[in-house]
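Chemist: See entry15.cif below, with mmCIF, C-alpha atoms and all ligand atoms.
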data_model
loop_
_atom_site.label_atom_id
_atom_site.label_comp_id
_atom_site.auth_asym_id
_atom_site.auth_seq_id
_atom_site.Cartn_x
_atom_site.Cartn_y
_atom_site.Cartn_z
CA MET A 27 0.00 0.00 0.00
CA LYS A 28 1.28 3.46 -0.85
CA PRO A 29 1.92 5.65 2.20
CA LEU A 30 -0.01 8.91 2.54
CA ALA A 31 2.81 10.45 4.54
CA GLN A 32 6.13 9.46 5.99
CA GLY A 33 7.41 11.32 9.02
CA ALA A 34 10.44 10.83 11.22
CA GLU A 35 8.67 8.43 13.57
CA ALA A 36 5.78 6.98 11.66
CA VAL A 37 4.37 6.06 8.30
CA ILE A 38 0.73 6.83 7.54
CA TYR A 39 -1.43 4.68 5.26
CA LEU A 40 -4.84 5.64 4.01
CA SER A 41 -7.50 2.99 3.53
CA GLY A 42 -11.02 4.17 2.91
CA SER A 43 -12.10 6.59 5.59
CA LYS A 44 -9.37 5.47 8.03
CA ILE A 45 -5.68 6.05 8.37
CA ARG A 46 -3.13 3.76 9.98
CA LYS A 47 -0.21 5.36 11.79
CA GLU A 48 2.53 2.80 12.11
CA ARG A 49 5.61 3.55 14.18
CA ILE A 50 8.61 2.44 12.20
CA LYS A 51 11.78 0.63 13.29
CA LYS A 52 14.83 2.70 13.98
CA ASN A 53 17.96 0.79 13.16
CA TYR A 54 20.20 3.03 15.22
CA ARG A 55 18.51 1.81 18.39
CA LEU A 56 19.08 -1.55 20.06
CA PRO A 57 16.17 -3.78 18.92
CA GLN A 58 14.75 -4.37 22.40
CA ILE A 59 14.89 -0.69 23.27
CA ASP A 60 13.45 0.28 19.89
CA SER A 61 10.50 -2.03 20.23
CA LYS A 62 9.84 -0.91 23.82
CA LEU A 63 9.95 2.77 22.85
CA ARG A 64 7.64 2.33 19.86
CA LYS A 65 5.14 0.42 21.97
CA GLU A 66 5.23 3.06 24.69
CA ARG A 67 4.80 5.96 22.27
CA THR A 68 1.91 4.21 20.52
CA LYS A 69 0.18 3.57 23.85
CA LYS A 70 0.78 7.11 25.06
CA GLU A 71 -0.57 8.69 21.87
CA ALA A 72 -3.66 6.48 22.06
CA SER A 73 -4.28 7.36 25.68
CA ILE A 74 -3.92 11.07 24.98
CA LEU A 75 -6.27 10.96 21.98
CA HIS A 76 -8.78 9.02 24.00
CA LYS A 77 -8.74 11.47 26.88
CA LEU A 78 -8.97 14.51 24.58
CA GLN A 79 -11.79 12.99 22.62
CA ARG A 80 -13.79 12.45 25.80
CA ALA A 81 -13.12 16.03 26.85
CA GLY A 82 -14.57 17.32 23.58
CA VAL A 83 -11.33 18.46 21.96
CA ASN A 84 -11.31 18.21 18.16
CA VAL A 85 -8.98 15.28 17.51
CA PRO A 86 -9.36 12.34 15.11
CA GLN A 87 -11.43 9.51 16.48
CA LEU A 88 -9.42 6.39 17.33
CA THR A 89 -10.82 3.20 15.87
CA LYS A 90 -8.17 0.59 16.69
CA ILE A 91 -5.05 0.27 18.79
CA SER A 92 -2.34 -2.35 18.37
CA GLU A 93 1.27 -2.66 19.52
CA PHE A 94 2.96 -0.36 17.03
CA GLU A 95 -0.03 1.04 15.23
CA LEU A 96 -3.05 3.29 15.64
CA GLU A 97 -6.02 3.33 13.34
CA MET A 98 -8.05 6.52 13.28
CA GLU A 99 -10.55 8.56 11.36
CA PHE A 100 -9.12 10.18 8.21
CA LEU A 101 -9.69 13.91 8.35
CA ALA A 102 -10.37 14.87 4.75
CA GLY A 103 -9.37 18.50 5.00
CA THR A 104 -6.53 20.94 4.54
CA LYS A 105 -3.45 21.35 6.70
CA LEU A 106 -3.44 24.74 8.42
CA ARG A 107 -0.02 25.24 6.83
CA ASP A 108 -1.47 25.05 3.29
CA TYR A 109 -4.66 26.89 4.20
CA LEU A 110 -2.72 29.90 5.50
CA ASP A 111 -0.48 29.89 2.42
CA LYS A 112 -3.54 29.88 0.18
CA THR A 113 -5.87 32.27 1.97
CA ALA A 114 -3.74 34.39 4.33
CA ASN A 115 -6.77 34.26 6.63
CA ALA A 116 -5.06 34.76 10.00
CA GLU A 117 -8.37 34.78 11.88
CA VAL A 118 -8.56 30.97 11.69
CA CYS A 119 -5.67 30.80 14.16
CA ARG A 120 -8.16 31.76 16.84
CA LEU A 121 -9.57 28.24 16.51
CA ALA A 122 -6.08 26.80 17.00
CA GLY A 123 -5.76 28.84 20.19
CA ILE A 124 -9.10 27.53 21.42
CA GLU A 125 -8.25 23.85 20.80
CA THR A 126 -4.77 24.25 22.32
CA ALA A 127 -6.21 25.77 25.49
CA LYS A 128 -8.69 22.88 25.69
CA VAL A 129 -5.79 20.40 25.43
CA HIS A 130 -3.87 22.20 28.17
CA LYS A 131 -6.97 22.24 30.37
CA CYS A 132 -6.87 18.43 30.24
CA GLY A 133 -3.33 18.46 31.64
CA ILE A 134 -1.77 17.50 28.33
CA PHE A 135 0.76 19.26 26.12
CA HIS A 136 1.11 18.62 22.39
CA GLY A 137 4.89 18.64 21.99
CA ASP A 138 4.96 19.51 18.26
CA LEU A 139 2.38 22.23 17.75
CA THR A 140 3.02 23.36 14.18
CA THR A 141 0.69 24.32 11.35
CA SER A 142 1.43 20.90 9.77
CA ASN A 143 -0.14 19.13 12.74
CA ILE A 144 -3.44 21.00 12.45
CA ILE A 145 -6.13 20.11 9.93
CA LEU A 146 -9.15 22.17 8.90
CA VAL A 147 -12.23 20.30 7.78
CA GLY A 148 -14.67 22.93 6.59
CA ASN A 149 -14.64 25.39 9.43
CA VAL A 150 -13.77 22.85 12.13
CA LEU A 151 -10.16 22.77 13.24
CA TYR A 152 -8.56 19.53 14.45
CA LEU A 153 -5.26 18.90 16.21
CA ILE A 154 -3.36 15.78 15.14
CA ASP A 155 -0.06 14.05 15.93
CA PHE A 156 0.26 13.79 19.69
CA GLY A 157 3.29 11.54 19.17
CA LEU A 158 5.44 13.87 21.25
CA GLY A 159 2.70 14.82 23.68
CA ASP A 160 2.46 13.93 27.33
CA TYR A 161 0.57 14.47 30.56
CA SER A 162 1.85 17.40 32.56
CA LEU A 163 0.81 20.05 35.00
CA ARG A 164 3.90 22.19 34.48
CA VAL A 165 3.23 25.63 33.07
CA GLU A 166 6.63 25.34 31.36
CA ASP A 167 5.39 22.51 29.11
CA PHE A 168 2.35 24.53 28.05
CA ALA A 169 4.50 27.60 27.37
CA VAL A 170 6.78 25.50 25.16
CA ASP A 171 3.74 24.51 23.03
CA LEU A 172 3.03 28.21 22.49
CA HIS A 173 6.68 28.88 21.76
CA ILE A 174 6.83 26.15 19.11
CA PHE A 175 3.65 27.42 17.47
CA LYS A 176 4.90 31.01 17.45
CA GLU A 177 8.24 29.98 15.93
CA CYS A 178 6.41 28.02 13.26
CA LEU A 179 4.30 31.07 12.38
CA ALA A 180 7.36 33.31 12.20
CA SER A 181 9.31 30.91 10.00
CA LYS A 182 6.62 29.37 7.76
CA HIS A 183 4.04 32.16 7.61
CA ASN A 184 6.22 35.20 7.94
CA ALA A 185 4.05 37.68 6.02
CA ILE A 186 1.04 37.23 8.34
CA TRP A 187 2.60 35.77 11.46
CA GLU A 188 1.74 38.59 13.84
CA GLU A 189 -1.97 38.60 12.99
CA CYS A 190 -1.95 34.80 13.28
CA TRP A 191 -0.27 34.94 16.66
CA GLN A 192 -2.67 37.56 18.03
CA SER A 193 -5.66 35.51 16.86
CA PHE A 194 -4.20 32.39 18.46
CA LEU A 195 -3.70 34.21 21.78
CA ALA A 196 -7.23 35.64 21.70
CA GLY A 197 -8.64 32.14 21.18
CA TYR A 198 -6.55 30.67 23.98
CA LYS A 199 -7.56 33.46 26.36
CA SER A 200 -11.24 32.99 25.59
CA VAL A 201 -11.07 29.43 26.99
CA ASP A 202 -8.98 29.90 30.12
CA GLU A 203 -8.01 33.38 31.23
CA LYS A 204 -6.05 32.24 34.27
CA LYS A 205 -3.95 29.75 32.34
CA PHE A 206 -3.50 32.31 29.57
CA SER A 207 -1.95 34.70 32.03
CA ASP A 208 0.33 32.06 33.61
CA VAL A 209 1.39 30.52 30.32
CA THR A 210 2.12 33.77 28.46
CA LYS A 211 4.13 34.99 31.43
CA ARG A 212 6.16 31.79 31.31
CA LEU A 213 6.49 32.12 27.54
CA ARG A 214 8.51 35.29 28.07
CA VAL A 215 10.95 33.27 30.20
CA VAL A 216 11.15 30.54 27.55
CA GLU A 217 11.82 33.16 24.86
CA ALA A 218 14.47 34.94 26.88
CA ARG A 219 16.20 31.60 27.38
CA GLY A 220 15.99 30.96 23.61
CA ARG A 221 17.70 34.24 22.80
CA TYR A 222 20.38 33.57 25.38
CA LYS A 223 21.07 30.16 23.81
CA HIS A 224 21.60 31.77 20.36
CA ILE A 225 24.23 34.09 21.78
CA GLY A 226 26.05 31.43 23.80
N1 LIG B 1 -6.21 11.63 11.12
C1 LIG B 1 -5.61 12.11 10.03
N2 LIG B 1 -6.35 12.56 9.01
C2 LIG B 1 -5.77 13.06 7.88
N3 LIG B 1 -4.44 13.14 7.70
C3 LIG B 1 -3.65 12.70 8.70
C4 LIG B 1 -4.18 12.17 9.91
N4 LIG B 1 -3.15 11.82 10.70
C5 LIG B 1 -2.03 12.10 10.01
N5 LIG B 1 -2.31 12.63 8.81
C6 LIG B 1 -1.36 13.07 7.76
O1 LIG B 1 -0.14 12.37 7.93
C7 LIG B 1 0.92 13.29 8.27
C8 LIG B 1 1.85 12.64 9.29
O2 LIG B 1 1.11 12.24 10.43
P1 LIG B 1 1.55 12.65 11.90
O3 LIG B 1 0.58 12.06 12.86
O4 LIG B 1 1.75 14.11 11.92
O5 LIG B 1 2.92 11.85 12.05
P2 LIG B 1 4.44 12.30 12.20
O6 LIG B 1 4.77 12.01 13.62
O7 LIG B 1 5.17 11.43 11.25
O8 LIG B 1 4.52 13.77 11.86
C9 LIG B 1 0.21 14.53 8.77
O9 LIG B 1 0.98 15.69 8.59
C10 LIG B 1 -1.04 14.53 7.91
O10 LIG B 1 -0.76 15.05 6.64
MG MG B 2 3.29 15.43 12.28
#
Translate this file's structure into structure tokens.
Modeler:
Amino acid sequence: MKPLAQGAEAVIYLSGSKIRKERIKKNYRLPQIDSKLRKERTKKEASILHKLQRAGVNVPQLTKISEFELEMEFLAGTKLRDYLDKTANAEVCRLAGIETAKVHKCGIFHGDLTTSNIILVGNVLYLIDFGLGDYSLRVEDFAVDLHIFKECLASKHNAIWEECWQSFLAGYKSVDEKKFSDVTKRLRVVEARGRYKHIG
């Protein structure tokens, strides 16, 4: 079967209205460690998707879980990355802010929050790829999600990044004002650290 996408960690196959996300072998790891890691990541991603789904976050519905593989609903839409390139409609980032705040409210961070891991189906925005996500209550982890998203906007959507970022923040704030204040405060620390690292 021809893969739909091939990332660093997984290969995605499309069959009908479902996709299969299969975590691939890494030959640079010892086989036992490799297999253990892939199993753990698969289980973690499934558990996160399950919890988010129950909490009413827009994520693809899981349909099957096996050792190294998840089967889920295929979201027949457009990646936010391509949508922004095509339309320059920054306002849609408000929806990304809303879903992200809902994820954080569940005590989960995404870990790779870029415009390639967000899919728009009509006017509903879904978050995908929780392969680097985890459970956390640390404000630092939530701030890093925002940092990654902001960096992605600045590098991949440079012409409209500021409008996108402001829309995202407005959406996030509308869900959880307290967390918004804590997380954006922490974001300034994360950013200061980033700048320091570039100099050093
Ligand atoms: N549920 C889904 N519906 C539609 N496309 C998907 C879905 N899950 C993944 N994809 C597509 O496959 C790509 C890679 O999947 P992803 O979960 O992001 O894995 P990786 O960890 O390799 O980035 C995504 O960027 C997206 O294009
Ligand atoms: Mg991805």
Chemist: Show me which residues sit within 8 Å of ligand LIG 1 (chain B) when counting all atoms listed in the file, and put them as a VMD selection string.
Modeler: chain A and resid 30 to 38 44 to 45 47 85 to 87 98 to 103 105 142 to 145 154 to 158
Chemist: How far is it from atom CA of A:Arg46 to atom CA of A:Arg107, in Å with one decimal?
Modeler: 21.9 Å
Chemist: Which residue is closest to ligand MG 2 (chain B)? Choose from A:His136, A:Lys90, A:Arg120, A:Arg80 and count all atoms listed in the file.
Modeler: A:His136
Chemist: Counting all atoms listed in the file, which residue out of A:Thr140, A:Gly148, A:Ser181, A:Gly42 sits closest to ligand MG 2 (chain B)?
Modeler: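 Residue with the minimum atom-to-atom distance to ligand MG 2 (chain B): A:Thr140.
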Chemist: Atom CA of A:Lys69 and atom CA of A:Val150, how far apart in Å?
Modeler: 26.5 Å
Chemist: Between A:Ile174, A:Leu153, A:Leu56, A:Leu121, which is the closest to ligand MG 2 (chain B) once you count only C-alpha atoms and all ligand atoms?
Modeler: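 With only C-alpha atoms and all ligand atoms as the atom set, the closest residue is A:Leu153.
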Chemist: May I have the protein, DNA and RNA residues with any atom at most 8 Å from the point (-5.8, 18.6, 26.5), counting all atoms listed in the file, written as a compact mmCIF listing (two decimals) with C-alpha atoms, in the coordinates of the input?
Modeler:
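Output contents, as saved in part17.txt:
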# COMPACT_ATOMS: atom_id res chain seq x y z
CA ILE A 74 -3.92 11.07 24.98
CA LYS A 77 -8.74 11.47 26.88
CA LEU A 78 -8.97 14.51 24.58
CA ALA A 81 -13.12 16.03 26.85
CA VAL A 83 -11.33 18.46 21.96
CA THR A 126 -4.77 24.25 22.32
CA ALA A 127 -6.21 25.77 25.49
CA LYS A 128 -8.69 22.88 25.69
CA VAL A 129 -5.79 20.40 25.43
CA HIS A 130 -3.87 22.20 28.17
CA LYS A 131 -6.97 22.24 30.37
CA CYS A 132 -6.87 18.43 30.24
CA GLY A 133 -3.33 18.46 31.64
CA ILE A 134 -1.77 17.50 28.33
CA PHE A 135 0.76 19.26 26.12
Chemist: For a quick check of understanding, using only C-alpha atoms, which of A:Phe168, A:Tyr109, A:Tyr39, A:Phe94 has the smallest distance to A:Leu213?
Modeler: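 Smallest separation from A:Leu213 among the options: A:Phe168.
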Chemist: So the first atom is atom CA of A:Glu166 and the second is atom CA of A:Val118; what is the distance between them in Å, to one decimal place?
Modeler: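 These two atoms are separated by 25.5 Å.
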Chemist: What's the 10 Å shell around A:Val170, counting only C-alpha atoms, without same-chain residues fewer than 5 positions away, as a list in words?
Modeler: Phe135, His136, Gly137, Asp138, Leu139, Val165, Phe175, Lys176, Val209, Arg212, Leu213, Val216 and Glu217 of chain A
Chemist: For A:Leu179, which residue among A:Gly159, A:Asn84, A:Lys28, A:Ala114 is the nearest when counting all atoms listed in the file?
Modeler: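 Between A:Gly159, A:Asn84, A:Lys28, A:Ala114, the residue approaching A:Leu179 most closely is A:Ala114.
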Chemist: Here is a test: counting all atoms listed in the file, which residue of A:Met27, A:Leu63, A:Ala72, A:Thr141 is nearest to ligand MG 2 (chain B)?
Modeler: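 Comparing A:Met27, A:Leu63, A:Ala72, A:Thr141 against ligand MG 2 (chain B), the winner is A:Thr141.
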Chemist: Neighbouring residues of A:Phe206 were defined as those with any atom within 9 Å, considering all atoms listed in the file; residues of the same chain fewer than 6 positions away were excluded. Please report them as a list in words.
Modeler: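 Here the answer would be Ala127, Leu195, Tyr198, Lys199 and Ser200 of chain A.
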Chemist: Is it possible to dump stretch 56-190 of chain A as a PDB file, in the first residue's frame, including just C-alpha atoms?
Modeler:
ATOM      1  CA  LEU A  56      19.075  -1.546  20.063  1.00  0.00           C
ATOM      2  CA  PRO A  57      16.174  -3.779  18.916  1.00  0.00           C
ATOM      3  CA  GLN A  58      14.750  -4.374  22.404  1.00  0.00           C
ATOM      4  CA  ILE A  59      14.886  -0.691  23.268  1.00  0.00           C
ATOM      5  CA  ASP A  60      13.450   0.279  19.887  1.00  0.00           C
ATOM      6  CA  SER A  61      10.498  -2.026  20.232  1.00  0.00           C
ATOM      7  CA  LYS A  62       9.836  -0.913  23.817  1.00  0.00           C
ATOM      8  CA  LEU A  63       9.950   2.774  22.846  1.00  0.00           C
ATOM      9  CA  ARG A  64       7.641   2.332  19.863  1.00  0.00           C
ATOM     10  CA  LYS A  65       5.140   0.419  21.970  1.00  0.00           C
ATOM     11  CA  GLU A  66       5.227   3.061  24.687  1.00  0.00           C
ATOM     12  CA  ARG A  67       4.798   5.958  22.266  1.00  0.00           C
ATOM     13  CA  THR A  68       1.907   4.213  20.520  1.00  0.00           C
ATOM     14  CA  LYS A  69       0.176   3.568  23.848  1.00  0.00           C
ATOM     15  CA  LYS A  70       0.780   7.113  25.060  1.00  0.00           C
ATOM     16  CA  GLU A  71      -0.573   8.686  21.872  1.00  0.00           C
ATOM     17  CA  ALA A  72      -3.664   6.477  22.063  1.00  0.00           C
ATOM     18  CA  SER A  73      -4.276   7.355  25.681  1.00  0.00           C
ATOM     19  CA  ILE A  74      -3.924  11.074  24.985  1.00  0.00           C
ATOM     20  CA  LEU A  75      -6.266  10.957  21.976  1.00  0.00           C
ATOM     21  CA  HIS A  76      -8.785   9.024  23.998  1.00  0.00           C
ATOM     22  CA  LYS A  77      -8.735  11.470  26.878  1.00  0.00           C
ATOM     23  CA  LEU A  78      -8.968  14.510  24.582  1.00  0.00           C
ATOM     24  CA  GLN A  79     -11.794  12.986  22.623  1.00  0.00           C
ATOM     25  CA  ARG A  80     -13.792  12.446  25.799  1.00  0.00           C
ATOM     26  CA  ALA A  81     -13.119  16.029  26.852  1.00  0.00           C
ATOM     27  CA  GLY A  82     -14.571  17.318  23.583  1.00  0.00           C
ATOM     28  CA  VAL A  83     -11.328  18.458  21.959  1.00  0.00           C
ATOM     29  CA  ASN A  84     -11.311  18.214  18.160  1.00  0.00           C
ATOM     30  CA  VAL A  85      -8.982  15.275  17.515  1.00  0.00           C
ATOM     31  CA  PRO A  86      -9.359  12.340  15.112  1.00  0.00           C
ATOM     32  CA  GLN A  87     -11.433   9.510  16.484  1.00  0.00           C
ATOM     33  CA  LEU A  88      -9.420   6.393  17.328  1.00  0.00           C
ATOM     34  CA  THR A  89     -10.817   3.203  15.870  1.00  0.00           C
ATOM     35  CA  LYS A  90      -8.171   0.590  16.691  1.00  0.00           C
ATOM     36  CA  ILE A  91      -5.045   0.271  18.790  1.00  0.00           C
ATOM     37  CA  SER A  92      -2.337  -2.351  18.366  1.00  0.00           C
ATOM     38  CA  GLU A  93       1.267  -2.659  19.520  1.00  0.00           C
ATOM     39  CA  PHE A  94       2.961  -0.358  17.030  1.00  0.00           C
ATOM     40  CA  GLU A  95      -0.032   1.041  15.230  1.00  0.00           C
ATOM     41  CA  LEU A  96      -3.046   3.287  15.644  1.00  0.00           C
ATOM     42  CA  GLU A  97      -6.022   3.333  13.337  1.00  0.00           C
ATOM     43  CA  MET A  98      -8.054   6.516  13.282  1.00  0.00           C
ATOM     44  CA  GLU A  99     -10.549   8.561  11.365  1.00  0.00           C
ATOM     45  CA  PHE A 100      -9.116  10.185   8.208  1.00  0.00           C
ATOM     46  CA  LEU A 101      -9.695  13.909   8.354  1.00  0.00           C
ATOM     47  CA  ALA A 102     -10.373  14.867   4.752  1.00  0.00           C
ATOM     48  CA  GLY A 103      -9.373  18.497   4.996  1.00  0.00           C
ATOM     49  CA  THR A 104      -6.525  20.937   4.544  1.00  0.00           C
ATOM     50  CA  LYS A 105      -3.450  21.351   6.701  1.00  0.00           C
ATOM     51  CA  LEU A 106      -3.440  24.737   8.424  1.00  0.00           C
ATOM     52  CA  ARG A 107      -0.016  25.238   6.828  1.00  0.00           C
ATOM     53  CA  ASP A 108      -1.474  25.052   3.295  1.00  0.00           C
ATOM     54  CA  TYR A 109      -4.657  26.887   4.202  1.00  0.00           C
ATOM     55  CA  LEU A 110      -2.716  29.901   5.500  1.00  0.00           C
ATOM     56  CA  ASP A 111      -0.480  29.892   2.422  1.00  0.00           C
ATOM     57  CA  LYS A 112      -3.536  29.876   0.178  1.00  0.00           C
ATOM     58  CA  THR A 113      -5.871  32.268   1.973  1.00  0.00           C
ATOM     59  CA  ALA A 114      -3.736  34.392   4.333  1.00  0.00           C
ATOM     60  CA  ASN A 115      -6.768  34.258   6.628  1.00  0.00           C
ATOM     61  CA  ALA A 116      -5.059  34.764   9.996  1.00  0.00           C
ATOM     62  CA  GLU A 117      -8.369  34.782  11.885  1.00  0.00           C
ATOM     63  CA  VAL A 118      -8.558  30.970  11.685  1.00  0.00           C
ATOM     64  CA  CYS A 119      -5.669  30.796  14.164  1.00  0.00           C
ATOM     65  CA  ARG A 120      -8.159  31.764  16.835  1.00  0.00           C
ATOM     66  CA  LEU A 121      -9.568  28.236  16.512  1.00  0.00           C
ATOM     67  CA  ALA A 122      -6.080  26.798  16.995  1.00  0.00           C
ATOM     68  CA  GLY A 123      -5.763  28.837  20.194  1.00  0.00           C
ATOM     69  CA  ILE A 124      -9.101  27.529  21.422  1.00  0.00           C
ATOM     70  CA  GLU A 125      -8.248  23.846  20.798  1.00  0.00           C
ATOM     71  CA  THR A 126      -4.774  24.253  22.323  1.00  0.00           C
ATOM     72  CA  ALA A 127      -6.212  25.772  25.494  1.00  0.00           C
ATOM     73  CA  LYS A 128      -8.685  22.876  25.693  1.00  0.00           C
ATOM     74  CA  VAL A 129      -5.795  20.397  25.428  1.00  0.00           C
ATOM     75  CA  HIS A 130      -3.869  22.198  28.173  1.00  0.00           C
ATOM     76  CA  LYS A 131      -6.970  22.235  30.371  1.00  0.00           C
ATOM     77  CA  CYS A 132      -6.867  18.425  30.236  1.00  0.00           C
ATOM     78  CA  GLY A 133      -3.328  18.461  31.645  1.00  0.00           C
ATOM     79  CA  ILE A 134      -1.773  17.501  28.331  1.00  0.00           C
ATOM     80  CA  PHE A 135       0.765  19.260  26.121  1.00  0.00           C
ATOM     81  CA  HIS A 136       1.106  18.620  22.390  1.00  0.00           C
ATOM     82  CA  GLY A 137       4.886  18.640  21.988  1.00  0.00           C
ATOM     83  CA  ASP A 138       4.958  19.511  18.258  1.00  0.00           C
ATOM     84  CA  LEU A 139       2.383  22.228  17.752  1.00  0.00           C
ATOM     85  CA  THR A 140       3.022  23.358  14.179  1.00  0.00           C
ATOM     86  CA  THR A 141       0.688  24.320  11.350  1.00  0.00           C
ATOM     87  CA  SER A 142       1.433  20.896   9.769  1.00  0.00           C
ATOM     88  CA  ASN A 143      -0.143  19.133  12.735  1.00  0.00           C
ATOM     89  CA  ILE A 144      -3.439  20.995  12.451  1.00  0.00           C
ATOM     90  CA  ILE A 145      -6.132  20.108   9.926  1.00  0.00           C
ATOM     91  CA  LEU A 146      -9.150  22.169   8.905  1.00  0.00           C
ATOM     92  CA  VAL A 147     -12.225  20.300   7.776  1.00  0.00           C
ATOM     93  CA  GLY A 148     -14.674  22.930   6.585  1.00  0.00           C
ATOM     94  CA  ASN A 149     -14.642  25.391   9.434  1.00  0.00           C
ATOM     95  CA  VAL A 150     -13.769  22.851  12.128  1.00  0.00           C
ATOM     96  CA  LEU A 151     -10.156  22.772  13.242  1.00  0.00           C
ATOM     97  CA  TYR A 152      -8.560  19.526  14.455  1.00  0.00           C
ATOM     98  CA  LEU A 153      -5.265  18.902  16.215  1.00  0.00           C
ATOM     99  CA  ILE A 154      -3.359  15.783  15.142  1.00  0.00           C
ATOM    100  CA  ASP A 155      -0.064  14.046  15.931  1.00  0.00           C
ATOM    101  CA  PHE A 156       0.260  13.789  19.686  1.00  0.00           C
ATOM    102  CA  GLY A 157       3.289  11.538  19.168  1.00  0.00           C
ATOM    103  CA  LEU A 158       5.440  13.869  21.252  1.00  0.00           C
ATOM    104  CA  GLY A 159       2.701  14.817  23.678  1.00  0.00           C
ATOM    105  CA  ASP A 160       2.459  13.932  27.331  1.00  0.00           C
ATOM    106  CA  TYR A 161       0.571  14.468  30.556  1.00  0.00           C
ATOM    107  CA  SER A 162       1.851  17.403  32.557  1.00  0.00           C
ATOM    108  CA  LEU A 163       0.806  20.054  34.995  1.00  0.00           C
ATOM    109  CA  ARG A 164       3.905  22.190  34.477  1.00  0.00           C
ATOM    110  CA  VAL A 165       3.228  25.628  33.073  1.00  0.00           C
ATOM    111  CA  GLU A 166       6.628  25.340  31.362  1.00  0.00           C
ATOM    112  CA  ASP A 167       5.389  22.507  29.111  1.00  0.00           C
ATOM    113  CA  PHE A 168       2.346  24.530  28.050  1.00  0.00           C
ATOM    114  CA  ALA A 169       4.498  27.603  27.373  1.00  0.00           C
ATOM    115  CA  VAL A 170       6.783  25.500  25.161  1.00  0.00           C
ATOM    116  CA  ASP A 171       3.745  24.506  23.033  1.00  0.00           C
ATOM    117  CA  LEU A 172       3.028  28.206  22.486  1.00  0.00           C
ATOM    118  CA  HIS A 173       6.680  28.878  21.763  1.00  0.00           C
ATOM    119  CA  ILE A 174       6.835  26.148  19.112  1.00  0.00           C
ATOM    120  CA  PHE A 175       3.648  27.419  17.467  1.00  0.00           C
ATOM    121  CA  LYS A 176       4.900  31.007  17.450  1.00  0.00           C
ATOM    122  CA  GLU A 177       8.244  29.977  15.933  1.00  0.00           C
ATOM    123  CA  CYS A 178       6.414  28.019  13.265  1.00  0.00           C
ATOM    124  CA  LEU A 179       4.296  31.070  12.377  1.00  0.00           C
ATOM    125  CA  ALA A 180       7.359  33.310  12.200  1.00  0.00           C
ATOM    126  CA  SER A 181       9.313  30.910   9.996  1.00  0.00           C
ATOM    127  CA  LYS A 182       6.619  29.373   7.762  1.00  0.00           C
ATOM    128  CA  HIS A 183       4.040  32.163   7.613  1.00  0.00           C
ATOM    129  CA  ASN A 184       6.218  35.199   7.935  1.00  0.00           C
ATOM    130  CA  ALA A 185       4.048  37.683   6.021  1.00  0.00           C
ATOM    131  CA  ILE A 186       1.041  37.229   8.339  1.00  0.00           C
ATOM    132  CA  TRP A 187       2.601  35.769  11.460  1.00  0.00           C
ATOM    133  CA  GLU A 188       1.736  38.587  13.842  1.00  0.00           C
ATOM    134  CA  GLU A 189      -1.975  38.599  12.992  1.00  0.00           C
ATOM    135  CA  CYS A 190      -1.950  34.802  13.280  1.00  0.00           C
TER     136      CYS A 190
END
